[in-house]
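File shown: final-v3.txt. Contents: compact mmCIF, C-alpha atoms and all ligand atoms.
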```
# COMPACT_ATOMS: atom_id res chain seq x y z
CA MET A 28 -77.77 -40.82 -78.46
CA LYS A 29 -74.16 -41.89 -78.30
CA THR A 30 -73.75 -41.57 -82.06
CA PHE A 31 -75.32 -38.16 -81.83
CA LEU A 32 -72.78 -37.09 -79.20
CA VAL A 33 -69.87 -38.42 -81.22
CA LEU A 34 -71.20 -36.58 -84.24
CA LEU A 35 -71.52 -33.43 -82.20
CA SER A 36 -67.99 -33.64 -80.89
CA THR A 37 -66.64 -34.28 -84.39
CA LEU A 38 -68.51 -31.25 -85.59
CA PHE A 39 -67.13 -29.24 -82.72
CA LEU A 40 -63.63 -30.49 -83.46
CA ALA A 41 -64.08 -29.49 -87.08
CA GLU A 42 -65.01 -26.00 -85.90
CA VAL A 43 -62.02 -25.47 -83.63
CA SER A 44 -59.52 -27.43 -85.69
CA TRP A 45 -58.87 -24.50 -88.06
CA GLY A 46 -57.54 -22.72 -85.01
CA GLN A 47 -55.44 -25.65 -83.83
CA LEU A 48 -54.67 -28.67 -86.00
CA GLN A 49 -55.09 -27.07 -89.41
CA GLY A 50 -54.06 -23.75 -87.95
CA ASN A 51 -50.69 -25.23 -87.05
CA TRP A 52 -50.21 -26.54 -90.57
CA VAL A 53 -51.23 -23.20 -92.05
CA LYS A 54 -48.96 -21.29 -89.69
CA GLN A 55 -45.95 -23.45 -90.56
CA ALA A 56 -46.65 -23.26 -94.29
CA ALA A 57 -47.26 -19.50 -94.35
CA VAL A 58 -44.32 -18.57 -92.13
CA ASP A 59 -41.93 -20.87 -94.04
CA ARG A 60 -42.96 -19.18 -97.28
CA LEU A 61 -42.58 -15.69 -95.83
CA ILE A 62 -39.06 -16.51 -94.57
CA LYS A 63 -38.12 -17.85 -98.00
CA TYR A 64 -39.54 -14.89 -99.96
CA VAL A 65 -38.15 -12.07 -97.80
CA LYS A 66 -34.61 -13.36 -98.42
CA ILE A 67 -34.97 -12.41 -102.08
CA ASP A 68 -34.16 -8.76 -102.80
CA THR A 69 -36.98 -7.29 -104.93
CA GLN A 70 -36.73 -3.58 -104.29
CA SER A 71 -38.42 -1.43 -106.94
CA LYS A 72 -37.17 1.98 -108.04
CA GLU A 73 -38.84 5.39 -108.37
CA ASP A 74 -38.78 7.38 -111.61
CA VAL A 75 -38.17 4.45 -113.96
CA GLU A 76 -40.43 4.29 -117.00
CA GLU A 77 -40.11 0.54 -117.63
CA VAL A 78 -42.12 -2.04 -115.72
CA PRO A 79 -40.60 -3.76 -113.85
CA SER A 80 -38.44 -0.89 -112.62
CA THR A 81 -35.78 -3.38 -111.46
CA ARG A 82 -34.85 -6.72 -113.05
CA LYS A 83 -34.38 -8.41 -109.67
CA GLN A 84 -38.15 -8.60 -109.20
CA PHE A 85 -37.99 -11.48 -111.71
CA ASP A 86 -35.95 -13.49 -109.15
CA LEU A 87 -39.02 -13.88 -106.94
CA ALA A 88 -41.50 -14.03 -109.83
CA ARG A 89 -39.71 -17.08 -111.29
CA ILE A 90 -39.76 -18.87 -107.93
CA LEU A 91 -43.48 -18.18 -107.58
CA LEU A 92 -44.14 -19.44 -111.10
CA ARG A 93 -42.36 -22.70 -110.26
CA GLU A 94 -44.21 -23.08 -106.96
CA LEU A 95 -47.58 -22.56 -108.64
CA GLN A 96 -46.65 -25.18 -111.25
CA GLN A 97 -45.57 -27.57 -108.49
CA LEU A 98 -48.94 -27.05 -106.78
CA GLY A 99 -50.45 -28.24 -110.05
CA LEU A 100 -51.88 -24.98 -111.39
CA ALA A 101 -51.45 -25.95 -115.01
CA ASP A 102 -51.94 -22.54 -116.61
CA ALA A 103 -49.41 -20.69 -114.41
CA ARG A 104 -47.48 -18.21 -116.54
CA LEU A 105 -45.00 -15.38 -116.23
CA ASP A 106 -45.16 -12.24 -118.36
CA GLU A 107 -41.49 -12.32 -119.35
CA GLN A 108 -41.54 -8.70 -120.40
CA HIS A 109 -43.29 -7.03 -117.47
CA CYS A 110 -42.93 -9.52 -114.59
CA TYR A 111 -46.54 -10.43 -113.80
CA VAL A 112 -47.30 -13.98 -112.60
CA TYR A 113 -50.78 -15.36 -113.32
CA ALA A 114 -52.46 -18.67 -112.44
CA THR A 115 -55.85 -20.31 -111.98
CA LEU A 116 -57.16 -22.56 -109.24
CA PRO A 117 -59.94 -24.36 -111.12
CA SER A 118 -63.45 -24.50 -109.70
CA ASN A 119 -64.46 -27.68 -107.88
CA LEU A 120 -68.17 -26.95 -108.17
CA PRO A 121 -70.47 -29.31 -110.06
CA ALA A 122 -70.87 -28.71 -113.78
CA GLY A 123 -73.41 -26.00 -114.47
CA LYS A 124 -72.73 -24.16 -111.24
CA THR A 125 -69.21 -22.96 -112.01
CA GLU A 126 -70.42 -20.65 -114.77
CA LYS A 127 -72.82 -18.94 -112.38
CA VAL A 128 -70.27 -18.07 -109.71
CA PRO A 129 -68.20 -14.97 -110.50
CA VAL A 130 -64.48 -15.55 -111.01
CA ILE A 131 -62.64 -14.08 -108.00
CA GLY A 132 -58.98 -13.02 -107.93
CA PHE A 133 -56.36 -12.54 -105.24
CA ILE A 134 -53.39 -10.24 -105.84
CA ALA A 135 -50.15 -9.44 -104.00
CA HIS A 136 -47.06 -7.54 -105.12
CA VAL A 137 -43.52 -8.92 -105.41
CA ASP A 138 -41.63 -5.62 -105.05
CA ALA A 139 -40.40 -4.09 -101.80
CA SER A 140 -40.34 -0.43 -100.84
CA SER A 141 -37.28 1.59 -101.83
CA SER A 142 -37.34 3.49 -98.51
CA VAL A 143 -34.91 1.07 -96.83
CA SER A 144 -32.75 -1.74 -98.27
CA ASP A 145 -34.28 -5.20 -98.52
CA ALA A 146 -30.99 -6.88 -99.52
CA ASN A 147 -29.78 -9.70 -97.24
CA VAL A 148 -32.87 -9.71 -95.04
CA ASN A 149 -32.19 -11.85 -91.99
CA PRO A 150 -35.68 -12.58 -90.61
CA ILE A 151 -35.94 -13.49 -86.94
CA ILE A 152 -38.74 -15.55 -85.44
CA HIS A 153 -39.42 -14.63 -81.82
CA LYS A 154 -41.11 -17.85 -80.68
CA ASN A 155 -43.83 -17.67 -78.06
CA TYR A 156 -43.54 -13.91 -77.45
CA GLN A 157 -44.08 -13.12 -73.77
CA GLY A 158 -44.60 -9.34 -73.86
CA GLY A 159 -42.12 -6.50 -73.52
CA ASP A 160 -40.09 -4.52 -76.06
CA ILE A 161 -38.24 -6.38 -78.82
CA VAL A 162 -34.62 -5.32 -79.33
CA LEU A 163 -33.41 -6.12 -82.83
CA PRO A 164 -30.12 -8.02 -82.47
CA ASN A 165 -27.91 -6.59 -85.23
CA ASP A 166 -28.70 -2.95 -84.45
CA THR A 167 -29.70 -2.75 -80.80
CA THR A 168 -30.69 0.92 -81.19
CA ARG A 169 -33.69 -0.44 -83.11
CA VAL A 170 -36.40 -1.44 -80.64
CA ILE A 171 -40.04 -2.35 -81.27
CA THR A 172 -41.71 -0.97 -78.15
CA VAL A 173 -45.02 -1.77 -76.53
CA GLY A 174 -45.40 2.00 -76.02
CA LYS A 175 -45.45 2.71 -79.76
CA ASP A 176 -46.87 -0.65 -80.83
CA PRO A 177 -49.48 -1.57 -78.21
CA ASN A 178 -50.75 -4.24 -80.64
CA LEU A 179 -47.73 -6.30 -79.59
CA LEU A 180 -49.65 -7.20 -76.46
CA LYS A 181 -52.32 -8.89 -78.58
CA SER A 182 -49.63 -11.31 -79.77
CA ILE A 183 -48.54 -12.72 -76.44
CA GLY A 184 -47.98 -16.45 -76.88
CA ASP A 185 -47.71 -16.04 -80.66
CA ASP A 186 -44.59 -16.14 -82.85
CA ILE A 187 -43.51 -12.70 -84.08
CA ILE A 188 -41.32 -12.23 -87.13
CA THR A 189 -39.01 -9.20 -87.30
CA THR A 190 -35.84 -8.12 -89.09
CA ASP A 191 -32.43 -8.13 -87.42
CA GLY A 192 -32.60 -4.32 -87.35
CA THR A 193 -30.57 -3.59 -90.49
CA THR A 194 -33.10 -3.93 -93.33
CA LEU A 195 -36.78 -3.95 -94.20
CA LEU A 196 -38.68 -7.14 -93.53
CA ALA A 197 -40.76 -6.61 -96.69
CA ALA A 198 -43.65 -8.55 -95.19
CA ASP A 199 -45.31 -5.79 -97.24
CA ASP A 200 -46.18 -7.58 -99.39
CA LYS A 201 -44.40 -10.92 -99.19
CA ALA A 202 -46.74 -11.88 -96.37
CA GLY A 203 -49.58 -11.32 -98.86
CA ILE A 204 -47.88 -13.63 -101.38
CA ALA A 205 -47.21 -16.29 -98.72
CA GLU A 206 -50.82 -16.12 -97.57
CA ILE A 207 -52.31 -16.47 -101.07
CA MET A 208 -49.96 -19.37 -101.87
CA THR A 209 -50.82 -21.11 -98.61
CA ALA A 210 -54.56 -20.58 -99.16
CA VAL A 211 -54.25 -22.16 -102.62
CA GLU A 212 -52.35 -25.13 -101.21
CA TYR A 213 -54.91 -25.46 -98.43
CA MET A 214 -57.86 -25.48 -100.84
CA LEU A 215 -56.11 -28.10 -102.98
CA LYS A 216 -55.63 -30.29 -99.90
CA HIS A 217 -59.26 -29.81 -98.87
CA PRO A 218 -61.50 -30.51 -101.86
CA GLU A 219 -64.48 -30.52 -99.46
CA ILE A 220 -64.18 -26.72 -99.49
CA LYS A 221 -66.26 -25.74 -102.50
CA HIS A 222 -65.17 -22.73 -104.52
CA GLY A 223 -65.61 -21.29 -107.99
CA THR A 224 -62.77 -20.39 -110.35
CA ILE A 225 -60.07 -18.58 -108.36
CA LYS A 226 -57.42 -16.44 -110.05
CA ILE A 227 -54.00 -15.66 -108.61
CA ALA A 228 -51.73 -12.77 -109.64
CA PHE A 229 -48.40 -11.47 -108.36
CA THR A 230 -47.50 -8.04 -109.69
CA PRO A 231 -44.39 -5.82 -109.91
CA ASP A 232 -43.83 -2.18 -108.95
CA GLU A 233 -46.73 -1.53 -106.57
CA GLU A 234 -44.52 0.62 -104.37
CA VAL A 235 -43.77 2.97 -107.25
CA GLY A 236 -47.39 3.15 -108.38
CA HIS A 237 -47.03 1.22 -111.64
CA GLY A 238 -48.40 -2.16 -110.55
CA PRO A 239 -51.56 -2.15 -112.66
CA ARG A 240 -50.00 -0.66 -115.81
CA TYR A 241 -49.56 -3.91 -117.76
CA PHE A 242 -51.98 -6.03 -115.74
CA ASP A 243 -53.70 -8.38 -118.21
CA ILE A 244 -57.18 -8.02 -116.71
CA LYS A 245 -58.89 -9.58 -119.72
CA GLY A 246 -56.55 -12.54 -120.06
CA TRP A 247 -56.63 -13.16 -116.32
CA GLY A 248 -60.39 -13.15 -116.27
CA ALA A 249 -61.38 -12.29 -112.69
CA LYS A 250 -64.58 -10.30 -112.33
CA TYR A 251 -63.79 -9.05 -108.81
CA ALA A 252 -60.51 -9.09 -106.92
CA TYR A 253 -58.85 -8.54 -103.59
CA THR A 254 -55.35 -7.19 -103.03
CA ILE A 255 -53.84 -8.79 -99.93
CA ASP A 256 -51.79 -5.71 -99.17
CA GLY A 257 -53.33 -4.03 -96.12
CA GLY A 258 -51.61 -3.73 -92.76
CA GLN A 259 -52.77 -5.09 -89.44
CA LEU A 260 -55.23 -7.87 -88.70
CA GLY A 261 -58.76 -7.03 -89.84
CA GLU A 262 -57.95 -4.11 -92.15
CA LEU A 263 -60.37 -3.82 -95.05
CA SER A 264 -60.31 -0.89 -97.45
CA ASP A 265 -62.78 -0.02 -100.15
CA GLU A 266 -62.05 3.70 -100.06
CA THR A 267 -59.11 5.75 -101.21
CA PHE A 268 -58.55 9.44 -101.68
CA ASN A 269 -59.67 11.26 -104.78
CA ALA A 270 -56.43 12.64 -106.10
CA GLN A 271 -55.51 15.55 -108.34
CA THR A 272 -52.27 17.33 -109.10
CA ALA A 273 -52.16 21.08 -109.63
CA VAL A 274 -49.32 22.69 -111.55
CA VAL A 275 -49.06 26.41 -110.87
CA THR A 276 -46.76 28.33 -113.22
CA PHE A 277 -45.71 31.90 -112.40
CA HIS A 278 -44.50 33.92 -115.40
CA GLY A 279 -42.27 36.89 -114.63
CA LYS A 280 -40.01 39.05 -116.81
CA ASN A 281 -36.26 38.57 -116.61
CA THR A 282 -33.55 41.03 -117.54
CA HIS A 283 -29.92 41.69 -116.60
CA PRO A 284 -30.06 42.36 -112.82
CA GLY A 285 -27.62 45.28 -113.23
CA TYR A 286 -30.11 47.18 -115.40
CA ALA A 287 -33.38 45.75 -114.08
CA LYS A 288 -34.84 48.76 -112.36
CA GLY A 289 -38.47 49.19 -113.34
CA ILE A 290 -38.26 46.29 -115.82
CA MET A 291 -37.70 42.99 -113.99
CA VAL A 292 -40.66 41.07 -112.63
CA ASN A 293 -39.30 38.20 -110.51
CA SER A 294 -41.64 35.20 -110.58
CA LEU A 295 -40.01 33.75 -107.43
CA TYR A 296 -41.61 36.39 -105.19
CA ALA A 297 -45.05 35.64 -106.54
CA ALA A 298 -44.50 31.92 -105.97
CA ALA A 299 -43.30 32.56 -102.41
CA HIS A 300 -46.38 34.68 -101.72
CA PHE A 301 -48.65 32.00 -103.17
CA ILE A 302 -47.06 29.33 -100.95
CA SER A 303 -47.56 31.51 -97.87
CA LEU A 304 -51.32 31.40 -98.52
CA PHE A 305 -51.78 27.60 -98.06
CA PRO A 306 -54.32 27.09 -95.23
CA GLU A 307 -52.63 25.67 -92.16
CA ASP A 308 -55.48 23.33 -91.28
CA MET A 309 -55.42 21.66 -94.69
CA ARG A 310 -51.95 20.16 -94.75
CA PRO A 311 -50.76 16.53 -94.54
CA GLU A 312 -49.02 17.42 -91.28
CA THR A 313 -52.24 18.78 -89.71
CA THR A 314 -54.87 16.33 -91.02
CA GLU A 315 -55.80 12.67 -90.46
CA GLY A 316 -58.63 10.15 -90.84
CA ARG A 317 -61.18 11.36 -93.37
CA GLN A 318 -59.78 14.90 -93.76
CA GLY A 319 -58.32 15.88 -97.11
CA TYR A 320 -55.37 18.17 -97.76
CA LEU A 321 -53.53 20.57 -100.06
CA HIS A 322 -49.82 19.86 -100.27
CA PRO A 323 -47.16 21.85 -102.19
CA TYR A 324 -44.35 19.35 -102.80
CA ASP A 325 -42.14 20.47 -105.67
CA LEU A 326 -40.81 23.91 -106.62
CA THR A 327 -38.42 24.88 -109.40
CA GLY A 328 -37.84 28.26 -110.89
CA ASN A 329 -35.97 31.41 -111.71
CA GLU A 330 -36.89 35.06 -112.31
CA GLU A 331 -38.61 34.33 -115.60
CA ARG A 332 -40.64 31.29 -114.67
CA THR A 333 -41.38 29.34 -111.48
CA ARG A 334 -43.33 26.11 -111.34
CA LEU A 335 -45.01 24.72 -108.24
CA LYS A 336 -46.62 21.28 -107.97
CA VAL A 337 -49.43 20.69 -105.49
CA LEU A 338 -51.21 17.51 -104.39
CA ILE A 339 -54.98 17.80 -103.87
CA ARG A 340 -56.52 14.97 -101.82
CA ASP A 341 -60.02 14.40 -100.49
CA PHE A 342 -62.36 11.44 -99.95
CA ASP A 343 -65.29 13.42 -101.37
CA ILE A 344 -65.45 14.90 -104.85
CA GLY A 345 -67.07 18.03 -103.38
CA GLY A 346 -64.22 18.47 -100.94
CA MET A 347 -61.71 18.10 -103.73
CA GLU A 348 -63.47 20.68 -105.90
CA GLU A 349 -63.54 23.07 -102.96
CA LYS A 350 -59.78 22.68 -102.58
CA GLY A 351 -59.37 23.47 -106.26
CA LYS A 352 -61.36 26.67 -105.70
CA ILE A 353 -59.09 27.62 -102.79
CA LEU A 354 -56.11 27.36 -105.15
CA GLY A 355 -58.02 29.57 -107.60
CA ASP A 356 -58.58 32.20 -104.87
CA MET A 357 -54.90 32.05 -103.91
CA LYS A 358 -54.05 32.69 -107.56
CA GLU A 359 -56.32 35.78 -107.68
CA GLN A 360 -54.86 37.18 -104.47
CA THR A 361 -51.33 36.69 -105.78
CA LEU A 362 -52.18 38.41 -109.08
CA LYS A 363 -53.43 41.40 -107.11
CA GLU A 364 -50.17 41.58 -105.14
CA PHE A 365 -47.97 41.09 -108.20
CA PRO A 366 -49.66 42.86 -111.13
CA GLY A 367 -46.81 42.18 -113.58
CA VAL A 368 -46.97 38.41 -113.14
CA ASN A 369 -49.09 35.92 -115.08
CA ILE A 370 -50.19 32.71 -113.39
CA ASP A 371 -51.41 29.47 -115.00
CA LEU A 372 -53.24 27.00 -112.78
CA VAL A 373 -53.75 23.56 -114.34
CA ILE A 374 -55.42 20.77 -112.37
CA THR A 375 -55.38 17.15 -113.58
CA ASP A 376 -56.94 13.99 -112.17
CA THR A 377 -54.55 11.34 -110.81
CA TYR A 378 -56.94 8.75 -109.41
CA ARG A 379 -60.43 8.58 -107.95
CA ASN A 380 -61.89 7.15 -104.77
CA MET A 381 -62.59 3.52 -105.73
CA ASN A 382 -65.60 3.56 -103.43
CA SER A 383 -67.60 5.31 -106.15
CA VAL A 384 -67.35 2.07 -108.17
CA LEU A 385 -67.09 -0.52 -105.40
CA SER A 386 -70.27 0.73 -103.74
CA LYS A 387 -72.14 -0.54 -106.83
CA TYR A 388 -70.90 -4.08 -106.06
CA PRO A 389 -71.61 -4.36 -102.33
CA ASP A 390 -70.97 -8.14 -102.26
CA VAL A 391 -67.23 -7.56 -102.73
CA VAL A 392 -66.86 -5.89 -99.35
CA ALA A 393 -69.76 -7.67 -97.61
CA PHE A 394 -68.34 -11.13 -98.40
CA ALA A 395 -64.88 -10.06 -97.21
CA GLU A 396 -66.38 -8.84 -93.93
CA GLU A 397 -68.29 -12.07 -93.52
CA ALA A 398 -65.15 -14.08 -94.32
CA MET A 399 -63.23 -12.26 -91.59
CA GLU A 400 -66.01 -12.67 -89.07
CA CYS A 401 -66.13 -16.43 -89.80
CA ALA A 402 -62.41 -16.48 -89.03
CA GLY A 403 -63.00 -14.69 -85.73
CA VAL A 404 -61.51 -11.44 -87.02
CA LYS A 405 -63.21 -8.10 -86.47
CA PRO A 406 -63.19 -6.19 -89.77
CA VAL A 407 -61.77 -2.67 -89.49
CA ARG A 408 -62.93 -0.47 -92.38
CA LEU A 409 -60.09 1.89 -93.09
CA PRO A 410 -60.12 4.65 -95.69
CA VAL A 411 -56.69 4.65 -97.37
CA ARG A 412 -55.00 8.07 -97.27
CA GLY A 413 -53.41 7.36 -100.61
CA GLY A 414 -54.03 5.18 -103.64
CA THR A 415 -53.75 1.43 -103.97
CA ASP A 416 -53.23 -0.85 -106.93
CA GLY A 417 -56.85 -1.75 -106.28
CA SER A 418 -58.06 1.78 -106.94
CA GLN A 419 -56.43 1.74 -110.39
CA LEU A 420 -57.65 -1.80 -111.13
CA THR A 421 -61.15 -0.84 -110.04
CA PHE A 422 -61.25 1.95 -112.61
CA MET A 423 -59.71 -0.38 -115.20
CA GLY A 424 -62.91 -2.43 -114.90
CA MET A 425 -62.17 -4.90 -112.11
CA PRO A 426 -63.64 -3.84 -108.74
CA THR A 427 -60.89 -4.60 -106.20
CA ALA A 428 -60.91 -4.15 -102.42
CA ASN A 429 -57.87 -4.33 -100.17
CA ILE A 430 -57.46 -6.76 -97.26
CA PHE A 431 -54.90 -7.05 -94.46
CA ALA A 432 -51.67 -8.98 -94.94
CA GLY A 433 -50.95 -8.58 -91.22
CA GLU A 434 -47.76 -6.53 -90.81
CA SER A 435 -47.06 -3.42 -88.76
CA ASN A 436 -44.57 -0.59 -89.51
CA PRO A 437 -44.16 -1.33 -93.23
CA HIS A 438 -41.40 0.49 -95.15
CA GLY A 439 -39.12 0.60 -92.11
CA LYS A 440 -36.63 -1.48 -90.13
CA LEU A 441 -39.13 -1.94 -87.28
CA GLU A 442 -41.53 -3.90 -89.49
CA TRP A 443 -43.01 -6.97 -87.76
CA ILE A 444 -45.75 -9.51 -88.28
CA PRO A 445 -47.39 -12.00 -85.93
CA ALA A 446 -47.78 -15.55 -87.28
CA MET A 447 -51.43 -15.64 -86.21
CA SER A 448 -52.26 -12.69 -88.49
CA MET A 449 -50.91 -14.72 -91.39
CA VAL A 450 -53.08 -17.69 -90.38
CA LYS A 451 -56.13 -15.42 -90.20
CA SER A 452 -55.35 -13.95 -93.60
CA VAL A 453 -55.15 -17.44 -95.15
CA GLU A 454 -58.44 -18.32 -93.46
CA THR A 455 -60.03 -15.12 -94.78
CA ILE A 456 -58.92 -15.89 -98.35
CA VAL A 457 -60.33 -19.43 -98.11
CA ASN A 458 -63.58 -18.14 -96.60
CA ILE A 459 -64.01 -15.49 -99.30
CA SER A 460 -63.64 -18.20 -101.96
CA LYS A 461 -66.21 -20.34 -100.16
CA ILE A 462 -68.72 -17.53 -99.58
CA TRP A 463 -68.65 -16.42 -103.23
CA ALA A 464 -69.50 -20.02 -104.22
CA GLU A 465 -72.31 -20.21 -101.68
CA LYS A 466 -73.88 -16.78 -102.09
CA GLY A 467 -72.43 -15.07 -105.13
CA ALA A 468 -74.07 -17.13 -107.89
CA GLU A 469 -75.56 -14.97 -110.65
CA GLU A 470 -78.61 -16.23 -112.49
ZN ZN B 1 -47.74 -3.18 -100.18
```
Would it be possible to restate this file's structure as structure tokens?
Ligand SMILES: [Zn+2]
Amino acid sequence: MKTFLVLLSTLFLAEVSWGQLQGNWVKQAAVDRLIKYVKIDTQSKEDVEEVPSTRKQFDLARILLRELQQLGLADARLDEQHCYVYATLPSNLPAGKTEKVPVIGFIAHVDASSSVSDANVNPIIHKNYQGGDIVLPNDTTRVITVGKDPNLLKSIGDDIITTDGTTLLAADDKAGIAEIMTAVEYMLKHPEIKHGTIKIAFTPDEEVGHGPRYFDIKGWGAKYAYTIDGGQLGELSDETFNAQTAVVTFHGKNTHPGYAKGIMVNSLYAAAHFISLFPEDMRPETTEGRQGYLHPYDLTGNEERTRLKVLIRDFDIGGMEEKGKILGDMKEQTLKEFPGVNIDLVITDTYRNMNSVLSKYPDVVAFAEEAMECAGVKPVRLPVRGGTDGSQLTFMGMPTANIFAGESNPHGKLEWIPAMSMVKSVETIVNISKIWAEKGAEE
């Protein structure tokens, strides 16, 4: 009986220890890494054809390569041309089983948003947060308020990491990197946790939409992957917009304005009329959640020729096609108003809702949900009102869902992250690896 009780209490201890003893180790390891990584400026740049768009992304990539090598991941390598870091955590399953468990990958991006500077980040750890607004010390006009961020109250007693008010934190996505690294270190320290072959990748230029461009999916070898690039605790995304771009070109007839009477047809008026026809209830500024939108965002022109670019976004293909038809109707109406004008409407696909592929591999999301629940985290399924690296990778042949890294207010000076969200992310990554080994075997 006594032995039984001791056994029970050990079991119980093992259950809660992830939250306490091991949790403390994980917290220290993950936060230390985050603090180290955010001090390295890795801002990417819009409208650059090369990948990486900025050379400084290599500064972090090289550090990560070295750390992976120091952890003992023998095949760690850096793509010296395009700044991708790849590595493998070998399976610790018995021979014969490894081959049956799909190879799973975890991905985070090294670059930081170009919206605000991430040079000289001075991260601040607010130990044992006790509630209330957080005034950022080097620009006291910057305040993280409970009013706007009620989630702060969930972090009472936790450590919160912020900026000093003058830069980004870039926890998006350096928290994701720190969490993957810590999960790898944790699994190496705990060989009793059984997992199949786990792949690690750190990528450049996510913020400028070029992350997947030179991703060596074949060489890397993961069958399914997870980007650790979502926001707050529990976020899980397997859905993105369907996206198209429409280019509308208005052709007028130019002539010398002094002698234009009865001859000139000014394409600018037709374009202005067309723009006035956009439905008010279908705009980014009037929609949210699962609603799609039509969004004119770029206009250049003169009397002879005016070109308008329009974003078309919808979670459903049908909804997107309907929006294309609305543009077609707007074109017809404009032609009626301006008989001398010709209008070309060309619609091209940008990306597709990754759910159309991911829904064929339900384990990817189901195992992530289970992994979160095992870590005491309530999964929050969130359709992404944009694209992710995962949506491109999914259509490149590697189904990839997106999971929280834990931060709030990314891309701004009020960015913050609670240490416990980092711990839960690490735990989720470890659990996903474990669950795939237990349940994901393919015969
Ligand atoms: Zn990100």
Selection near Asp86 (chain A), 9 Å with all atoms listed in the file, sequence-local residues under 6 positions removed, as a VMD selection string = chain A and resid 67 to 69
* Within 10 Å of file point (-69.0, 5.7, -103.8), counting all atoms listed in the file, expressed as a ChimeraX atom specification -> /A:265-266,342-344,379-387
Radius query 12 Å about (-64.0, -16.2, -98.0), atoms used: only C-alpha atoms, as a compact mmCIF listing (two decimals) with C-alpha atoms, keeping the file's coordinate frame:
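Once written, point_29.txt looks like this:
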```
# COMPACT_ATOMS: atom_id res chain seq x y z
CA ILE A 131 -62.64 -14.08 -108.00
CA GLY A 132 -58.98 -13.02 -107.93
CA PHE A 133 -56.36 -12.54 -105.24
CA ALA A 210 -54.56 -20.58 -99.16
CA MET A 214 -57.86 -25.48 -100.84
CA ILE A 220 -64.18 -26.72 -99.49
CA LYS A 221 -66.26 -25.74 -102.50
CA HIS A 222 -65.17 -22.73 -104.52
CA GLY A 223 -65.61 -21.29 -107.99
CA ILE A 225 -60.07 -18.58 -108.36
CA ALA A 252 -60.51 -9.09 -106.92
CA TYR A 253 -58.85 -8.54 -103.59
CA ASP A 390 -70.97 -8.14 -102.26
CA VAL A 391 -67.23 -7.56 -102.73
CA VAL A 392 -66.86 -5.89 -99.35
CA ALA A 393 -69.76 -7.67 -97.61
CA PHE A 394 -68.34 -11.13 -98.40
CA ALA A 395 -64.88 -10.06 -97.21
CA GLU A 396 -66.38 -8.84 -93.93
CA GLU A 397 -68.29 -12.07 -93.52
CA ALA A 398 -65.15 -14.08 -94.32
CA MET A 399 -63.23 -12.26 -91.59
CA GLU A 400 -66.01 -12.67 -89.07
CA CYS A 401 -66.13 -16.43 -89.80
CA ALA A 402 -62.41 -16.48 -89.03
CA ILE A 430 -57.46 -6.76 -97.26
CA LYS A 451 -56.13 -15.42 -90.20
CA SER A 452 -55.35 -13.95 -93.60
CA VAL A 453 -55.15 -17.44 -95.15
CA GLU A 454 -58.44 -18.32 -93.46
CA THR A 455 -60.03 -15.12 -94.78
CA ILE A 456 -58.92 -15.89 -98.35
CA VAL A 457 -60.33 -19.43 -98.11
CA ASN A 458 -63.58 -18.14 -96.60
CA ILE A 459 -64.01 -15.49 -99.30
CA SER A 460 -63.64 -18.20 -101.96
CA LYS A 461 -66.21 -20.34 -100.16
CA ILE A 462 -68.72 -17.53 -99.58
CA TRP A 463 -68.65 -16.42 -103.23
CA ALA A 464 -69.50 -20.02 -104.22
CA GLU A 465 -72.31 -20.21 -101.68
CA LYS A 466 -73.88 -16.78 -102.09
CA GLY A 467 -72.43 -15.07 -105.13
```
I'd like the neighbourhood of region 409-424 of chain A as a VMD selection string, where a residue qualifies if any of its atoms comes within 6 Å (using all atoms listed in the file), though same-chain residues fewer than 2 positions away should be ignored.
chain A and resid 264 266 to 268 381 426 to 427
Residues from last step as file, C-alpha atoms, as a PDB file, in the frame of the given file:
```
ATOM      1  CA  SER A 264     -60.310  -0.890 -97.450  1.00  0.00           C
ATOM      2  CA  GLU A 266     -62.050   3.700-100.060  1.00  0.00           C
ATOM      3  CA  THR A 267     -59.110   5.750-101.210  1.00  0.00           C
ATOM      4  CA  PHE A 268     -58.550   9.440-101.680  1.00  0.00           C
ATOM      5  CA  MET A 381     -62.590   3.520-105.730  1.00  0.00           C
ATOM      6  CA  PRO A 426     -63.640  -3.840-108.740  1.00  0.00           C
ATOM      7  CA  THR A 427     -60.890  -4.600-106.200  1.00  0.00           C
TER       8      THR A 427
END
```
What does the distance from CA of Ile339 (chain A) to CA of Thr272 (chain A) come to in Å, to one decimal?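 Distance reported for this atom pair: 5.9 Å.
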ask   = Of the residues A:Phe301, A:Phe229, A:Tyr251, A:Phe85, which is the one nearest to ligand ZN 1 (chain B), using all atoms listed in the file?
value =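 The shortest atom-to-atom distance to ligand ZN 1 (chain B) comes from A:Phe229.
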Correct to one decimal, the distance CA of Arg240 (chain A)-CA of Asp325 (chain A) is 24.7 Å
Inset, instruction - Find the residue from A:Asn429, A:Thr333, A:Thr276, A:Ser140 that sits nearest to Leu372 (chain A); use all atoms listed in the file when measuring. - result: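 For Leu372 (chain A), the nearest of the given residues is A:Thr276.
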Across A:Trp443, A:Tyr378, A:Phe431, A:Tyr64, the smallest distance to Gly236 (chain A), with all atoms listed in the file counted, is shown by A:Tyr378
Q.
Show me which residues line ligand ZN 1 (chain B), defined as having an atom within 7 Å of a ligand atom where only C-alpha atoms and all ligand atoms count, and present them as number ranges by chain.
A. A: 136, 199-200, 233-234, 256-257
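With all atoms listed in the file as the basis for measurement, A:Gly319 is the residue among A:Pro150, A:Gly328, A:Gly319, A:Pro231 that approaches Lys350 (chain A) most closely.
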